[in-house]
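K.L.:
The structure that follows is given in the form of structure tokens.
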Amino acid sequence: MEKFLFRTHRPSHVAAAAPDKTTQNPEKPTQSQIGSGTKMGVTPKIAPSMLSSDFANLASEAKRMLDFGADWLHMDIMDGHFVPNLTIGAPVIESLRKHSEAYLDCHLMVTNPIDYVEPLCKADASGFTFHVEVSKENWQELIQRIKSKGMRPGVALKPGTPIEEVYPLVDSENPVEMVLVMTVEPGFGGQKFMPEMMDKVRILRKKYPSLDIEVDGGLGPSTIDMAASAGANCIVAGSSVFGAPEPAAVISLMRKSVLENQEKC
Ligand code: DX5
Ligand code: ZN
């Protein structure tokens, strides 16, 4: 069945559905038209990466994270080709969906993202973030299909990819709604944060004040301030959350950092 409106998956304990997802509206200004210098209109989204969870108990791990205050669940989909690791695909997303209404923030580290649109729509995924490195030929069609299936499109870039490569996708008439700046080489959890990637985040935030900017890799209490002060508002964190004695404290600290840094803007 075609779904034409974005779904607002959220943890059942969150009362208000914050309608911060935009629909396809021809009247809507592009990110460039919004221009720089306006107050950031983006909200913090803390997204534990389920790659660090106990996959054998995915549903209870997801519930645990939502109870700890997570906004989104970050789902790392890898194909063993785009990255040298293999994780989950649409069947696992579909299984998890039966247990959770959460926003499932899918990060596709795959060579052929377009092949995943239909299966992930059927699985009721929420966000669909593909990599710019493998979508040079068909990003317009990809964005269009993702939106027509009721998912929210995002684009990710690897550490070695120049930030300019995502501009056309954000400036497009039919734009992506999130940029994911990788702060490690994609493929594995538990790697060291690359602070030099913060230049990309700063440039993006200056150019697009109200864009969702996500960072992924090595985020935790010791690195969150760097990311938040550069302008990131969507924070993916795997090992620092799942490995913490009190994951709720880590989630809350990261949210606080994003909010405090936004106030300074
Ligand atoms: C890596 C994945 C990340 C990973 C992050 O390719 O995209 O989402 O799970 O894990 P940490 O937070 O441990 O670096
Ligand atoms: Zn990821």
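Chain identifiers are assigned as A, B, and so on, following the order in which chains appear in the structure tokens; residues are numbered from 1 within each chain, and ligands are numbered from 1 in order of appearance.
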What residues of the protein or nucleic acid chains come within 6 Å of ligand 2 when you use only C-alpha atoms and all ligand atoms? Reply as number ranges by chain.
P.N.:
A: 76, 107, 216
K.L.:
Show me which residues sit within 10 Å of ligand 1 when counting only C-alpha atoms and all ligand atoms, and put them as an MDAnalysis selection string.
P.N.:
chainID A and resid 47:53 74:78 83:85 106:109 156 158 180 182:193 215:220 235:243
K.L.:
Using only C-alpha atoms, which residues sit within 7 Å of Leu211 (chain A) once same-chain residues fewer than 3 positions away are excluded, as a list in words?
P.N.:
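Within the cut-off, the hits are Val42, Glu177, Met178 and Tyr208 of chain A.
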K.L.:
What's the 8 Å shell around region 249-254 of chain A, counting only C-alpha atoms, without same-chain residues fewer than 3 positions away, as a PyMOL selection string?
P.N.:
chain A and resi 46+68-70+220-221+224+235+240-241+244+246+257-258
K.L.:
What residues in region 126-213 of chain A get the DSSP label strand (DSSP E or B)? Please answer as a list in words.
P.N.:
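Selecting the strand (DSSP E or B) positions of region 126-213 of chain A gives Gly127, Phe128, Thr129, Phe130, His131, Arg152, Pro153, Gly154, Val155, Ala156, Leu157, Met178, Val179, Leu180, Val181, Met182, Asp212 and Ile213 of chain A.
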K.L.:
Report the residues of region 38-221 of chain A whose backbone DSSP state falls under helix (DSSP H, G or I), written as a ChimeraX atom specification.
P.N.:
/A:50-52,55-67,90-97,113-122,132-134,139-148,163-171,195-207
K.L.:
Select, from A:Lys122, A:Arg97, A:His131, A:Lys200, the residue with the minimum atom-to-atom distance to Met151 (chain A), counting only C-alpha atoms.
P.N.:
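Ranking A:Lys122, A:Arg97, A:His131, A:Lys200 by distance to Met151 (chain A), first place goes to A:Lys122.
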K.L.:
One decimal, Å: what's the distance from CA of Ala56 (chain A) over to CA of Asp105 (chain A), could you say?
P.N.:
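Computing it gives 19.7 Å between the two atoms.
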K.L.:
So that I can see what lies close to Leu157 (chain A), please list as a list in words the residues with an atom at most 9 Å from it, counting only C-alpha atoms and leaving out residues fewer than 6 positions away in the same chain.
P.N.:
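So, after excluding close chain neighbours, the residues are Phe130, His131, Val132, Glu133, Ile163, Glu165, Val166, Val179, Leu180, Val181 and Met182 of chain A.
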K.L.:
Using the selection just defined, write its residues with N, CA, C and O atoms as a short mmCIF file (atom, residue, chain, number, x, y, z; two decimals), in the first residue's frame.
P.N.:
```cif
data_model
loop_
_atom_site.label_atom_id
_atom_site.label_comp_id
_atom_site.auth_asym_id
_atom_site.auth_seq_id
_atom_site.Cartn_x
_atom_site.Cartn_y
_atom_site.Cartn_z
N PHE A 130 20.63 7.13 3.01
CA PHE A 130 21.52 6.41 2.10
C PHE A 130 22.84 7.17 1.99
O PHE A 130 22.94 8.34 2.37
N HIS A 131 23.85 6.50 1.45
CA HIS A 131 25.16 7.14 1.31
C HIS A 131 25.30 7.83 -0.05
O HIS A 131 24.98 7.25 -1.09
N VAL A 132 25.84 9.06 -0.02
CA VAL A 132 26.01 9.84 -1.25
C VAL A 132 27.02 9.17 -2.18
O VAL A 132 26.90 9.29 -3.41
N GLU A 133 27.97 8.44 -1.62
CA GLU A 133 29.04 7.85 -2.44
C GLU A 133 28.50 6.84 -3.46
O GLU A 133 29.14 6.61 -4.49
N ILE A 163 32.16 17.70 1.79
CA ILE A 163 30.80 18.12 2.17
C ILE A 163 30.00 18.66 0.98
O ILE A 163 28.77 18.50 0.91
N GLU A 165 29.51 17.54 -1.73
CA GLU A 165 28.78 16.50 -2.48
C GLU A 165 27.32 16.37 -2.05
O GLU A 165 26.50 15.85 -2.80
N VAL A 166 27.00 16.82 -0.83
CA VAL A 166 25.60 16.69 -0.42
C VAL A 166 24.77 17.93 -0.74
O VAL A 166 23.55 17.89 -0.66
N VAL A 179 21.16 15.33 6.97
CA VAL A 179 22.49 14.94 6.51
C VAL A 179 23.20 14.26 7.68
O VAL A 179 23.24 14.79 8.79
N LEU A 180 23.72 13.08 7.42
CA LEU A 180 24.45 12.31 8.43
C LEU A 180 25.94 12.43 8.14
O LEU A 180 26.41 11.94 7.11
N VAL A 181 26.65 13.10 9.02
CA VAL A 181 28.10 13.24 8.87
C VAL A 181 28.76 12.11 9.66
O VAL A 181 28.68 12.07 10.89
N MET A 182 29.39 11.19 8.94
CA MET A 182 30.06 10.08 9.62
C MET A 182 31.31 10.60 10.32
O MET A 182 32.13 11.30 9.72
#
```
K.L.:
Considering only C-alpha atoms, can you say which of A:Leu169, A:Met194, A:Leu66, A:Ile146 comes closest to Asp115 (chain A)?
P.N.:
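Distance minimum relative to Asp115 (chain A) lands on A:Ile146.
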